[in-house]
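Okay, so here's the structure we're looking at.
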Amino acid sequence: MSLKTSNCARGKTMIGRKSLLAVAICTMISIGLGSYLPGHDGVDVSFVAEAEAAGGVVESRTGVAPDRYVYYPGTEALGRREIRVTACGSGMPAARHGQAATCFLVEFGNGEKILFDIGTGSMDNIAAYMIPWEFLDKVFLTHLHTDHMGDLDSLWAGGWTAGRPGGLKIWGPSGLHPELGTKAAIEGFLKFVAWDKETRSFAISPIPGELEVVEFDYRVVNQKIYDKNGVIIRTIPAIHTGDGPVSYIAEFAGMKVVIGGDTAPNKWFIEYAVDADLVIHEAFMAPGDFVTWYNQPPQLAWRACCAFHTSGQAFGKIMSTIKPVHAVAYHFLNEEATRYNLYEAIRETYGGTLSMATDNMVWNITRDGVKERMAVITDDAWPVAGPTRQGPPQQEGRRAVFSDFSNSGYWLPAFQAQDKALDEYMEKYNLQDQDWRPGLYNRIRNAEKK
């Protein structure tokens with residue numbers, strides 16, 4: 001079977017639309033691997049030879065390139081019957097500048113935006129998509145390893161300080177024991193950030209700091225846990241390093257996206273991930289690469305790769321069985337030293353359309369097919385305002401967060417030096433009824449007298 005689309009990370013993979021970038025990458029791989037890779041099941045993987053100029057034909061000296069082979073966040077409206085998936089994290093637990101830990105942002109044509117996992121480092125990417133924090137208030141956790149939930153604090157506090165008007169809602173699985181479930185994890189998180197939460201609640205507003213948890217039974221197969229405005233999300237059990245993990249199945253407008261999380265090959269995935277437009281599943285690097293590059297001892301590397309995660313060959317076997325329109329391999333360090341070994345391993349058992357995921361890779365899904373691109377992001381993105389403004393502080397009735405000790409430590413002359421500038425600011429934004437200075441100055445003077 002010959003492929004009609006590009007198979008390579010960073011390329012464009014929609015039938016009939018091939019960019020020079022995708023072909024160039026495929027050419028580099030073909031030089032190293034041969035013009036095709038024979039599969040175990042007699043599957044031959046051929047590479048695409050024809051291509052259009054990158055960006056299409058520009059008809060005017062003052063015109064634009066009509067065919068965007070990259071994605072500029074915030075510049076493209078999503079169709080009513082379209083899904084956009086962005087890899088905000090695709091790597092490993094060990095921190096890396098180029099790849100954050102697991103996170104996938106799924107945007108639906110009805111306006112829903114949902115984060116599936118929010119692993120360590122992923123908020124750097126999410127912030128660069130310039131989506132109003134108000135819209136990023138739903139998180140679905142596949143399991144409770146930190147490389148899948150480690151940046152929850154950044155989403156929680158970052159959005160709070162950058163104008164998010166409401167709190168967050170978190171869905172996640174139960175555990176084999178009550179203390180190992182999502183509810184217990186968030187209760188522990190709130191103890192960890194107790195000082196943070198109380199002081200921000202007093203100084204800003206308590207509402208954006210609220211966390212609502214929906215914990216569901218990880219053992220229930222194909223259970224519907226979300227149904228709103230045409231978006232349905234179901235869960236199936238996953239098998240990882242212990243009971244609790246799940247995979248998610250999102251359905252919208254007749255399309256289906258499966259997000260595997262971390263899982264070894266399992267029967268539920270084979271049964272319920274069929275007929276999907278996009279399937280995201282982990283594919284771990286070869287054990288030898290973990291020993292050579294990741295500093296794992298050999299006894300751990302082959303278990304990590306192939307016992308409680310999924311190897312390249314196993315990933316390929318799964319995809320050959322469920323036959324998605326487009327498969328995505330993630331959860332590996334995507335670089336020159338590792339990607340080709342993993343790619344070869346996958347191609348031993350799978351000849352279908354494939355993305356080797358890296359951070360900020362984007363897939364647009366319609367009934368016509370799947371288009372893969374890379375997002376072009378800025379390192380210095382500012383928060384984008386949404387339609388709802390954050391409310392003022394609600395300090396009345398809350399216990400004080402300052403003692404006379406701290407109040408006596410303020411140096412009043414410096415505060416008074418800024419009064420003129422703040423008077424002008426207050427007039428500009430009509431904040432006369434929210435002037436905080438008289439109360440602070442009285443606390444300082446009263447504390448000085450004691």
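FYI, nothing fancy with the structure tokens labels: chains A, B, ... in order, residues from 1 per chain, ligands from 1 as they appear.
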Query raised in the report: What lies within 12 Å of range 293-307 of chain A using only C-alpha atoms, ignoring chain neighbours under 2 positions off, as a PyMOL selection string?
Result: chain A and resi 92-96+239-242+262-266+282-291+309-315+331-333+335-338+342
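Every protein or nucleic acid residue with an atom no more than 12 Å from Tyr272 in chain A, counting only C-alpha atoms and leaving out same-chain residues fewer than 3 positions away, appears here: Val221, Asn222, Gln223, Arg234, Thr235, Ile236, Pro237, Ala238, Ser247, Tyr248, Ile249, Ala250, Lys256, Val257, Val258, Ile259, Gly260, Asn266, Lys267, Trp268, Phe269, Asp275, Ala276, Val279, Ile318, Thr321, Ile322, Lys323 and Pro324 of chain A.
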Dump of N, CA and C atoms for the selected residues, as a PDB file, in the first residue's frame:
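Contents of again-v9.pdb, as written:
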ATOM      1  N   VAL A 221     -16.384   1.072  31.348  1.00  0.00           N
ATOM      2  CA  VAL A 221     -15.954   1.050  29.950  1.00  0.00           C
ATOM      3  C   VAL A 221     -16.910   1.860  29.074  1.00  0.00           C
ATOM      4  N   ASN A 222     -16.327   2.783  28.301  1.00  0.00           N
ATOM      5  CA  ASN A 222     -17.082   3.606  27.356  1.00  0.00           C
ATOM      6  C   ASN A 222     -18.166   4.429  28.045  1.00  0.00           C
ATOM      7  N   GLN A 223     -17.842   4.965  29.211  1.00  0.00           N
ATOM      8  CA  GLN A 223     -18.815   5.774  29.934  1.00  0.00           C
ATOM      9  C   GLN A 223     -18.787   7.219  29.441  1.00  0.00           C
ATOM     10  N   ARG A 234     -16.149  10.383  26.230  1.00  0.00           N
ATOM     11  CA  ARG A 234     -16.263   9.096  26.900  1.00  0.00           C
ATOM     12  C   ARG A 234     -14.879   8.661  27.388  1.00  0.00           C
ATOM     13  N   THR A 235     -14.885   7.701  28.305  1.00  0.00           N
ATOM     14  CA  THR A 235     -13.619   7.170  28.807  1.00  0.00           C
ATOM     15  C   THR A 235     -13.591   5.653  28.702  1.00  0.00           C
ATOM     16  N   ILE A 236     -12.390   5.141  28.523  1.00  0.00           N
ATOM     17  CA  ILE A 236     -12.147   3.702  28.608  1.00  0.00           C
ATOM     18  C   ILE A 236     -10.942   3.505  29.513  1.00  0.00           C
ATOM     19  N   PRO A 237     -10.869   2.376  30.208  1.00  0.00           N
ATOM     20  CA  PRO A 237      -9.712   2.147  31.080  1.00  0.00           C
ATOM     21  C   PRO A 237      -8.419   2.043  30.272  1.00  0.00           C
ATOM     22  N   ALA A 238      -7.336   2.470  30.883  1.00  0.00           N
ATOM     23  CA  ALA A 238      -5.998   2.300  30.323  1.00  0.00           C
ATOM     24  C   ALA A 238      -5.161   1.516  31.332  1.00  0.00           C
ATOM     25  N   SER A 247      -8.166   6.470  28.933  1.00  0.00           N
ATOM     26  CA  SER A 247      -8.071   7.133  27.634  1.00  0.00           C
ATOM     27  C   SER A 247      -9.397   7.837  27.374  1.00  0.00           C
ATOM     28  N   TYR A 248      -9.344   8.933  26.607  1.00  0.00           N
ATOM     29  CA  TYR A 248     -10.545   9.709  26.309  1.00  0.00           C
ATOM     30  C   TYR A 248     -10.926   9.568  24.837  1.00  0.00           C
ATOM     31  N   ILE A 249     -12.225   9.550  24.589  1.00  0.00           N
ATOM     32  CA  ILE A 249     -12.777   9.537  23.242  1.00  0.00           C
ATOM     33  C   ILE A 249     -13.709  10.745  23.129  1.00  0.00           C
ATOM     34  N   ALA A 250     -13.343  11.694  22.241  1.00  0.00           N
ATOM     35  CA  ALA A 250     -14.143  12.901  22.050  1.00  0.00           C
ATOM     36  C   ALA A 250     -14.863  12.818  20.705  1.00  0.00           C
ATOM     37  N   LYS A 256     -14.402  11.921  15.362  1.00  0.00           N
ATOM     38  CA  LYS A 256     -13.979  11.218  16.563  1.00  0.00           C
ATOM     39  C   LYS A 256     -12.477  11.379  16.764  1.00  0.00           C
ATOM     40  N   VAL A 257     -12.095  11.835  17.955  1.00  0.00           N
ATOM     41  CA  VAL A 257     -10.691  11.997  18.338  1.00  0.00           C
ATOM     42  C   VAL A 257     -10.440  11.164  19.585  1.00  0.00           C
ATOM     43  N   VAL A 258      -9.394  10.365  19.561  1.00  0.00           N
ATOM     44  CA  VAL A 258      -9.047   9.507  20.694  1.00  0.00           C
ATOM     45  C   VAL A 258      -7.713   9.969  21.263  1.00  0.00           C
ATOM     46  N   ILE A 259      -7.687  10.201  22.574  1.00  0.00           N
ATOM     47  CA  ILE A 259      -6.472  10.628  23.266  1.00  0.00           C
ATOM     48  C   ILE A 259      -6.122   9.543  24.273  1.00  0.00           C
ATOM     49  N   GLY A 260      -5.049   8.830  23.978  1.00  0.00           N
ATOM     50  CA  GLY A 260      -4.734   7.625  24.726  1.00  0.00           C
ATOM     51  C   GLY A 260      -4.155   7.844  26.100  1.00  0.00           C
ATOM     52  N   ASN A 266      -3.998  -2.490  25.176  1.00  0.00           N
ATOM     53  CA  ASN A 266      -5.098  -3.083  25.941  1.00  0.00           C
ATOM     54  C   ASN A 266      -6.312  -3.315  25.063  1.00  0.00           C
ATOM     55  N   LYS A 267      -7.175  -4.203  25.495  1.00  0.00           N
ATOM     56  CA  LYS A 267      -8.322  -4.638  24.702  1.00  0.00           C
ATOM     57  C   LYS A 267      -9.366  -3.547  24.531  1.00  0.00           C
ATOM     58  N   TRP A 268      -9.489  -2.642  25.509  1.00  0.00           N
ATOM     59  CA  TRP A 268     -10.508  -1.598  25.423  1.00  0.00           C
ATOM     60  C   TRP A 268     -10.166  -0.618  24.303  1.00  0.00           C
ATOM     61  N   PHE A 269      -8.899  -0.304  24.162  1.00  0.00           N
ATOM     62  CA  PHE A 269      -8.493   0.608  23.101  1.00  0.00           C
ATOM     63  C   PHE A 269      -8.782  -0.008  21.735  1.00  0.00           C
ATOM     64  N   ASP A 275     -12.620   3.456  13.974  1.00  0.00           N
ATOM     65  CA  ASP A 275     -13.403   4.432  13.209  1.00  0.00           C
ATOM     66  C   ASP A 275     -13.149   5.868  13.664  1.00  0.00           C
ATOM     67  N   ALA A 276     -11.919   6.161  14.061  1.00  0.00           N
ATOM     68  CA  ALA A 276     -11.582   7.496  14.537  1.00  0.00           C
ATOM     69  C   ALA A 276     -10.890   8.306  13.444  1.00  0.00           C
ATOM     70  N   VAL A 279      -6.179   9.567  16.102  1.00  0.00           N
ATOM     71  CA  VAL A 279      -5.861   8.764  17.289  1.00  0.00           C
ATOM     72  C   VAL A 279      -4.470   9.147  17.781  1.00  0.00           C
ATOM     73  N   ILE A 318      -1.261  -1.697  16.909  1.00  0.00           N
ATOM     74  CA  ILE A 318      -2.546  -1.133  17.338  1.00  0.00           C
ATOM     75  C   ILE A 318      -3.183  -0.339  16.198  1.00  0.00           C
ATOM     76  N   THR A 321      -4.583  -2.273  13.386  1.00  0.00           N
ATOM     77  CA  THR A 321      -5.807  -2.972  13.770  1.00  0.00           C
ATOM     78  C   THR A 321      -7.013  -2.038  13.790  1.00  0.00           C
ATOM     79  N   ILE A 322      -6.865  -0.836  14.363  1.00  0.00           N
ATOM     80  CA  ILE A 322      -8.015   0.066  14.501  1.00  0.00           C
ATOM     81  C   ILE A 322      -8.188   0.982  13.297  1.00  0.00           C
ATOM     82  N   LYS A 323      -7.139   1.146  12.487  1.00  0.00           N
ATOM     83  CA  LYS A 323      -7.186   1.864  11.203  1.00  0.00           C
ATOM     84  C   LYS A 323      -7.767   3.280  11.315  1.00  0.00           C
ATOM     85  N   PRO A 324      -7.111   4.186  12.016  1.00  0.00           N
ATOM     86  CA  PRO A 324      -7.594   5.569  12.060  1.00  0.00           C
ATOM     87  C   PRO A 324      -7.333   6.283  10.730  1.00  0.00           C
TER      88      PRO A 324
END
Query raised in the report: So which bits of range 42-195 of chain A end up strand (DSSP E) when you DSSP the backbone, as JSON, numbers by chain?
Result: {"A": [44, 45, 70, 71, 83, 84, 85, 86, 87, 88, 89, 103, 104, 105, 106, 107, 108, 113, 114, 115, 116, 138, 139, 140, 168, 169, 170, 171, 172, 173]}
Please produce an output containing N, CA and C atoms for each residue in the selection, written as a CSV table (one decimal), in the first residue's frame.
chain,number,residue,atom,x,y,z
A,44,ASP,N,4.1,-1.8,2.3
A,44,ASP,CA,5.2,-0.9,1.8
A,44,ASP,C,4.8,0.5,2.0
A,45,VAL,N,5.7,1.3,2.5
A,45,VAL,CA,5.5,2.7,2.8
A,45,VAL,C,6.2,3.5,1.7
A,70,VAL,N,1.6,26.7,7.7
A,70,VAL,CA,1.8,26.8,9.1
A,70,VAL,C,0.6,27.4,9.7
A,71,TYR,N,0.5,27.4,11.0
A,71,TYR,CA,-0.7,27.9,11.7
A,71,TYR,C,-0.2,29.0,12.6
A,83,ILE,N,-12.6,20.4,14.1
A,83,ILE,CA,-11.9,20.3,15.3
A,83,ILE,C,-10.5,20.6,15.1
A,84,ARG,N,-9.9,21.4,16.0
A,84,ARG,CA,-8.4,21.6,15.9
A,84,ARG,C,-7.8,21.1,17.2
A,85,VAL,N,-6.7,20.3,17.0
A,85,VAL,CA,-6.0,19.7,18.1
A,85,VAL,C,-4.6,20.2,18.0
A,86,THR,N,-4.0,20.7,19.2
A,86,THR,CA,-2.7,21.2,19.2
A,86,THR,C,-1.9,20.5,20.3
A,87,ALA,N,-0.7,20.0,20.0
A,87,ALA,CA,0.2,19.4,21.0
A,87,ALA,C,0.9,20.5,21.8
A,88,CYS,N,0.3,20.8,23.0
A,88,CYS,CA,1.0,21.8,23.8
A,88,CYS,C,2.1,21.1,24.7
A,89,GLY,N,2.2,19.8,24.6
A,89,GLY,CA,3.3,19.0,25.2
A,89,GLY,C,3.3,17.6,24.7
A,103,CYS,N,0.4,17.3,26.9
A,103,CYS,CA,-0.7,18.2,26.9
A,103,CYS,C,-1.3,18.3,25.5
A,104,PHE,N,-2.6,18.2,25.4
A,104,PHE,CA,-3.2,18.4,24.1
A,104,PHE,C,-4.4,19.3,24.3
A,105,LEU,N,-4.4,20.4,23.5
A,105,LEU,CA,-5.6,21.3,23.5
A,105,LEU,C,-6.5,20.9,22.3
A,106,VAL,N,-7.8,20.7,22.6
A,106,VAL,CA,-8.7,20.3,21.6
A,106,VAL,C,-9.8,21.4,21.5
A,107,GLU,N,-9.9,22.0,20.4
A,107,GLU,CA,-10.9,23.1,20.1
A,107,GLU,C,-11.9,22.6,19.2
A,108,PHE,N,-13.2,22.8,19.6
A,108,PHE,CA,-14.3,22.3,18.8
A,108,PHE,C,-15.0,23.5,18.1
A,113,LYS,N,-13.3,24.6,24.3
A,113,LYS,CA,-11.8,24.4,24.3
A,113,LYS,C,-11.5,23.6,25.5
A,114,ILE,N,-10.9,22.4,25.3
A,114,ILE,CA,-10.6,21.5,26.5
A,114,ILE,C,-9.2,21.1,26.4
A,115,LEU,N,-8.5,21.2,27.6
A,115,LEU,CA,-7.2,20.7,27.7
A,115,LEU,C,-7.2,19.2,28.2
A,116,PHE,N,-6.6,18.3,27.5
A,116,PHE,CA,-6.4,17.0,27.9
A,116,PHE,C,-5.0,16.8,28.4
A,138,LYS,N,-11.3,24.2,31.4
A,138,LYS,CA,-11.7,22.8,31.5
A,138,LYS,C,-10.4,21.9,31.3
A,139,VAL,N,-10.2,21.0,32.2
A,139,VAL,CA,-9.0,20.1,32.1
A,139,VAL,C,-9.5,18.7,32.4
A,140,PHE,N,-9.1,17.8,31.4
A,140,PHE,CA,-9.4,16.4,31.6
A,140,PHE,C,-8.1,15.6,31.8
A,168,LEU,N,-11.6,26.9,37.7
A,168,LEU,CA,-11.3,25.8,36.8
A,168,LEU,C,-12.2,24.6,37.2
A,169,LYS,N,-12.5,23.8,36.2
A,169,LYS,CA,-13.2,22.5,36.4
A,169,LYS,C,-12.3,21.4,35.9
A,170,ILE,N,-12.1,20.4,36.7
A,170,ILE,CA,-11.2,19.3,36.4
A,170,ILE,C,-11.9,18.0,36.5
A,171,TRP,N,-11.7,17.2,35.4
A,171,TRP,CA,-12.2,15.8,35.3
A,171,TRP,C,-11.0,14.9,35.5
A,172,GLY,N,-11.2,13.8,36.2
A,172,GLY,CA,-10.2,12.8,36.3
A,172,GLY,C,-10.6,11.5,36.9
A,173,PRO,N,-9.9,10.5,36.8
A,173,PRO,CA,-10.3,9.2,37.2
A,173,PRO,C,-10.1,9.0,38.7
Requested in this report: Write out as a VMD selection string each polymer residue whose atoms come within 9 Å of range 415-418 of chain A, counting only C-alpha atoms; drop sequence neighbours fewer than 5 positions from it.
Outcome: chain A and resid 410 423 437 441
Query raised in the report: Separation of CA of Tyr350 in chain A and CA of Val274 in chain A, in Å?
Result: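 Interatomic distance here is 15.1 Å.
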Query - From A:Ala447, A:Ile131, A:Met356, A:Met374, residue lying nearest Arg68 in chain A [only C-alpha atoms] - result: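 Closest to Arg68 in chain A of all the choices is A:Met374.
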**Report entry** Spatial neighbours of Gln434 in chain A, 10 Å, only C-alpha atoms, chain gap at least 5 places, as a ChimeraX atom specification
**Finding:** /A:392-393,426
Now that the selection is made, can you save its residues with N, CA and C atoms as an mmCIF file, in the first residue's frame?
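Full text of again.cif as output:
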data_model
loop_
_atom_site.group_PDB
_atom_site.id
_atom_site.type_symbol
_atom_site.label_atom_id
_atom_site.label_comp_id
_atom_site.auth_asym_id
_atom_site.auth_seq_id
_atom_site.Cartn_x
_atom_site.Cartn_y
_atom_site.Cartn_z
ATOM 1 N N PRO A 392 -14.032 42.645 41.093
ATOM 2 C CA PRO A 392 -13.161 43.261 42.099
ATOM 3 C C PRO A 392 -12.974 42.351 43.309
ATOM 4 N N PRO A 393 -12.061 42.718 44.211
ATOM 5 C CA PRO A 393 -11.859 41.917 45.441
ATOM 6 C C PRO A 393 -13.138 41.843 46.276
ATOM 7 N N MET A 426 -6.901 56.368 38.441
ATOM 8 C CA MET A 426 -8.238 56.193 39.018
ATOM 9 C C MET A 426 -9.279 56.971 38.221
#
Tell me which protein, DNA and RNA residues are within 10 Å of range 122-128 of chain A, counting only C-alpha atoms, leaving out same-chain ones fewer than 2 positions away, and put them as a short mmCIF file (atom, residue, chain, number, x, y, z; two decimals) with N, CA and C atoms, in the first residue's frame.
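Written file, out.cif:
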data_model
loop_
_atom_site.label_atom_id
_atom_site.label_comp_id
_atom_site.auth_asym_id
_atom_site.auth_seq_id
_atom_site.Cartn_x
_atom_site.Cartn_y
_atom_site.Cartn_z
N PRO A 73 -1.55 31.06 15.57
CA PRO A 73 -2.65 31.05 16.54
C PRO A 73 -3.39 32.39 16.60
N GLY A 74 -4.68 32.29 16.70
CA GLY A 74 -5.51 33.48 16.82
C GLY A 74 -5.87 34.15 15.51
N THR A 86 -4.04 20.69 19.16
CA THR A 86 -2.68 21.22 19.23
C THR A 86 -1.91 20.49 20.32
N ALA A 87 -0.71 20.05 19.99
CA ALA A 87 0.16 19.40 20.98
C ALA A 87 0.87 20.47 21.79
N CYS A 88 0.35 20.78 22.97
CA CYS A 88 1.02 21.75 23.83
C CYS A 88 2.09 21.09 24.68
N GLY A 89 2.21 19.78 24.59
CA GLY A 89 3.29 19.03 25.24
C GLY A 89 3.33 17.63 24.69
N SER A 90 4.50 17.16 24.31
CA SER A 90 4.60 15.85 23.66
C SER A 90 5.75 14.99 24.18
N GLY A 91 6.47 15.49 25.19
CA GLY A 91 7.72 14.86 25.57
C GLY A 91 7.67 13.96 26.78
N HIS A 97 13.82 22.14 27.17
CA HIS A 97 13.37 23.43 26.64
C HIS A 97 12.50 23.23 25.40
N GLN A 99 10.67 20.50 24.39
CA GLN A 99 9.48 19.68 24.48
C GLN A 99 8.96 19.64 25.91
N ALA A 100 7.75 20.11 26.08
CA ALA A 100 7.09 20.02 27.38
C ALA A 100 6.51 18.62 27.56
N ALA A 101 6.05 18.34 28.77
CA ALA A 101 5.39 17.07 29.04
C ALA A 101 3.95 17.12 28.49
N THR A 102 3.27 15.99 28.59
CA THR A 102 2.03 15.76 27.83
C THR A 102 0.94 16.80 28.04
N CYS A 103 0.39 17.27 26.92
CA CYS A 103 -0.74 18.20 26.93
C CYS A 103 -1.29 18.30 25.52
N PHE A 104 -2.60 18.17 25.37
CA PHE A 104 -3.24 18.37 24.08
C PHE A 104 -4.44 19.30 24.26
N LEU A 105 -4.44 20.37 23.49
CA LEU A 105 -5.56 21.30 23.46
C LEU A 105 -6.48 20.92 22.32
N LEU A 115 -8.53 21.15 27.59
CA LEU A 115 -7.16 20.66 27.75
C LEU A 115 -7.21 19.22 28.23
N ASP A 117 -4.89 16.70 29.70
CA ASP A 117 -3.62 16.70 30.43
C ASP A 117 -2.96 18.08 30.34
N ILE A 118 -2.14 18.35 31.34
CA ILE A 118 -1.44 19.63 31.39
C ILE A 118 -0.10 19.40 32.08
N GLY A 119 0.77 18.69 31.35
CA GLY A 119 2.04 18.26 31.91
C GLY A 119 3.03 19.39 32.14
N THR A 120 4.07 19.09 32.88
CA THR A 120 5.07 20.07 33.27
C THR A 120 5.65 20.79 32.06
N MET A 130 -2.29 32.45 22.68
CA MET A 130 -3.04 33.70 22.84
C MET A 130 -4.54 33.50 22.85
N ILE A 131 -4.96 32.50 23.59
CA ILE A 131 -6.38 32.24 23.82
C ILE A 131 -6.77 32.89 25.15
N PRO A 132 -7.86 33.62 25.22
CA PRO A 132 -8.26 34.21 26.49
C PRO A 132 -8.33 33.16 27.60
N TRP A 133 -7.78 33.48 28.74
CA TRP A 133 -7.78 32.53 29.86
C TRP A 133 -9.20 32.12 30.24
N LEU A 136 -10.10 28.83 28.80
CA LEU A 136 -9.28 27.66 29.17
C LEU A 136 -9.59 27.26 30.60
N ASP A 147 3.96 14.42 34.91
CA ASP A 147 4.18 14.83 33.52
C ASP A 147 2.87 14.90 32.74
N HIS A 148 1.74 14.69 33.44
CA HIS A 148 0.42 14.87 32.82
C HIS A 148 -0.44 15.88 33.58
N MET A 149 0.04 16.36 34.72
CA MET A 149 -0.74 17.35 35.47
C MET A 149 0.14 18.39 36.16
N GLY A 150 1.46 18.38 35.88
CA GLY A 150 2.40 19.20 36.63
C GLY A 150 2.28 20.70 36.43
N ASP A 151 1.63 21.15 35.35
CA ASP A 151 1.46 22.59 35.16
C ASP A 151 0.06 23.06 35.50
N LEU A 152 -0.67 22.26 36.24
CA LEU A 152 -1.98 22.70 36.70
C LEU A 152 -1.86 23.97 37.53
N ASP A 153 -0.80 24.06 38.34
CA ASP A 153 -0.62 25.26 39.16
C ASP A 153 -0.42 26.50 38.31
N SER A 154 0.29 26.36 37.18
CA SER A 154 0.52 27.52 36.31
C SER A 154 -0.78 27.96 35.63
N LEU A 155 -1.60 27.01 35.20
CA LEU A 155 -2.89 27.37 34.62
C LEU A 155 -3.78 28.04 35.66
N GLY A 158 -1.78 31.38 36.91
CA GLY A 158 -1.52 32.29 35.80
C GLY A 158 -2.78 32.93 35.27
N GLY A 159 -3.82 32.12 35.07
CA GLY A 159 -5.08 32.67 34.61
C GLY A 159 -5.72 33.58 35.64
N ASP A 359 6.11 19.35 20.04
CA ASP A 359 5.34 20.45 20.59
C ASP A 359 4.91 21.42 19.49
N ASN A 360 3.68 21.91 19.63
CA ASN A 360 3.08 22.91 18.74
C ASN A 360 2.75 22.37 17.36
N ALA A 375 2.47 25.13 14.46
CA ALA A 375 2.10 26.47 14.90
C ALA A 375 3.35 27.35 14.97
N VAL A 376 3.20 28.58 14.54
CA VAL A 376 4.26 29.57 14.68
C VAL A 376 3.89 30.44 15.88
N ILE A 377 4.70 30.40 16.92
CA ILE A 377 4.34 31.08 18.16
C ILE A 377 5.42 32.08 18.56
N THR A 378 5.03 32.98 19.43
CA THR A 378 5.97 33.95 19.98
C THR A 378 6.38 33.56 21.38
N ASP A 379 7.60 33.88 21.75
CA ASP A 379 8.05 33.62 23.12
C ASP A 379 7.55 34.67 24.10
N ASP A 380 6.98 35.74 23.59
CA ASP A 380 6.61 36.87 24.45
C ASP A 380 5.14 37.24 24.30
N ALA A 381 4.28 36.23 24.35
CA ALA A 381 2.84 36.49 24.19
C ALA A 381 2.26 37.13 25.45
N TRP A 382 1.39 38.09 25.25
CA TRP A 382 0.64 38.69 26.34
C TRP A 382 -0.73 38.01 26.46
N PRO A 383 -1.31 38.01 27.67
CA PRO A 383 -2.67 37.49 27.80
C PRO A 383 -3.65 38.26 26.93
N VAL A 384 -4.62 37.54 26.39
CA VAL A 384 -5.63 38.14 25.51
C VAL A 384 -6.94 38.28 26.28
#
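Distance-wise, CA of Phe252 in chain A and CA of Val231 in chain A end up 5.0 Å apart.
Proximity to Pro413 in chain A was assessed for A:Arg445, A:Val401, A:Pro387, A:Arg373 counting only C-alpha atoms; the smallest distance is recorded for A:Arg445.
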Query raised in the report: So which residues touch range 209-212 of chain A within 9 Å, counting only C-alpha atoms, skipping near sequence neighbours fewer than 2 positions away, as number ranges by chain?
Result: A: 156-157, 160, 166-171, 186, 190, 197, 200-201, 205-207, 214
Requested in this report: Run DSSP on the backbone and give me the residues of range 116-182 of chain A it puts in alpha helix (DSSP H), as a ChimeraX atom specification.
Outcome: /A:122-128,146-149,152-161,182
Query raised in the report: So, counting only C-alpha atoms, which residue among A:Val220, A:Gly261, A:Gly109, A:Ile225 is closest to Leu144 in chain A?
Result: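 Looking at the shortest contact to Leu144 in chain A, the residue is A:Gly261.
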